[in-house]
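First comes the structure, then the notes that go with it.
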Amino acid sequence: MKEAIVILVVLLILVGLTAFRYRKQLMAMVNVWRMLKSMRQAGRQREDRIEGDNKASGPLVNCAKCGKWVPEDRAIKLGRTSFYCTAGCMEKSAKPA
Ligand SMILES: [Zn+2]
């Protein structure tokens, strides 16, 4: 049982020395791993955003002021047939220049 502990300690020292010897390489590996992780996260966020857009885009409606096409559920509805992409467009339309 004592020998096992000695072997374990020696192994730990060897691992520690190896880690110390190759700390630069290890740091580089860690950096690469972190970069890959962040890239994967960014990719996932992008996918989520695309999915979100697909969910939000129902029938498209034409902004009565600027003519921009916007999903109906995001457009501001005025009356039965008038849609506006933003409140700004609605205000501009309400106040003719
Ligand atoms: Zn508009």
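Here, A, B, ... name the chains of the structure tokens in the order displayed, residue numbers run from 1 inside each chain, and ligands are numbered from 1 in the same displayed order.
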key: Backbone-only DSSP, alpha helix (DSSP H) members of chain A, as a ChimeraX atom specification   = /A:2-21,23-56,87-94
inquiry  = Which residues are near ligand 1 in this structure, taking near to mean any atom at most 9 Å from a ligand atom and counting only C-alpha atoms and all ligand atoms? Format them as a PyMOL selection string.
reply    = chain A and resi 62-70+83-90
message = So the first atom is CA of Leu78 (chain A) and the second is CA of Glu91 (chain A); what is the distance between them in Å, to one decimal place?
response = 11.1 Å
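We find CA of Glu72 (chain A) and CA of Asp48 (chain A) to be spaced 20.7 Å apart.
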key: Which of chain A fall in strand (DSSP E), as a list in words   =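 Across chain A, those assigned strand (DSSP E) are Leu60, Val61, Asn62, Trp69, Val70, Pro71, Ile76, Lys77, Leu78, Ser82, Phe83 and Tyr84 of chain A.
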Two-atom distance - CA of Val6 (chain A), CA of Met27 (chain A) (Å) =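 Pair CA of Val6 (chain A) / CA of Met27 (chain A) returns 29.1 Å.
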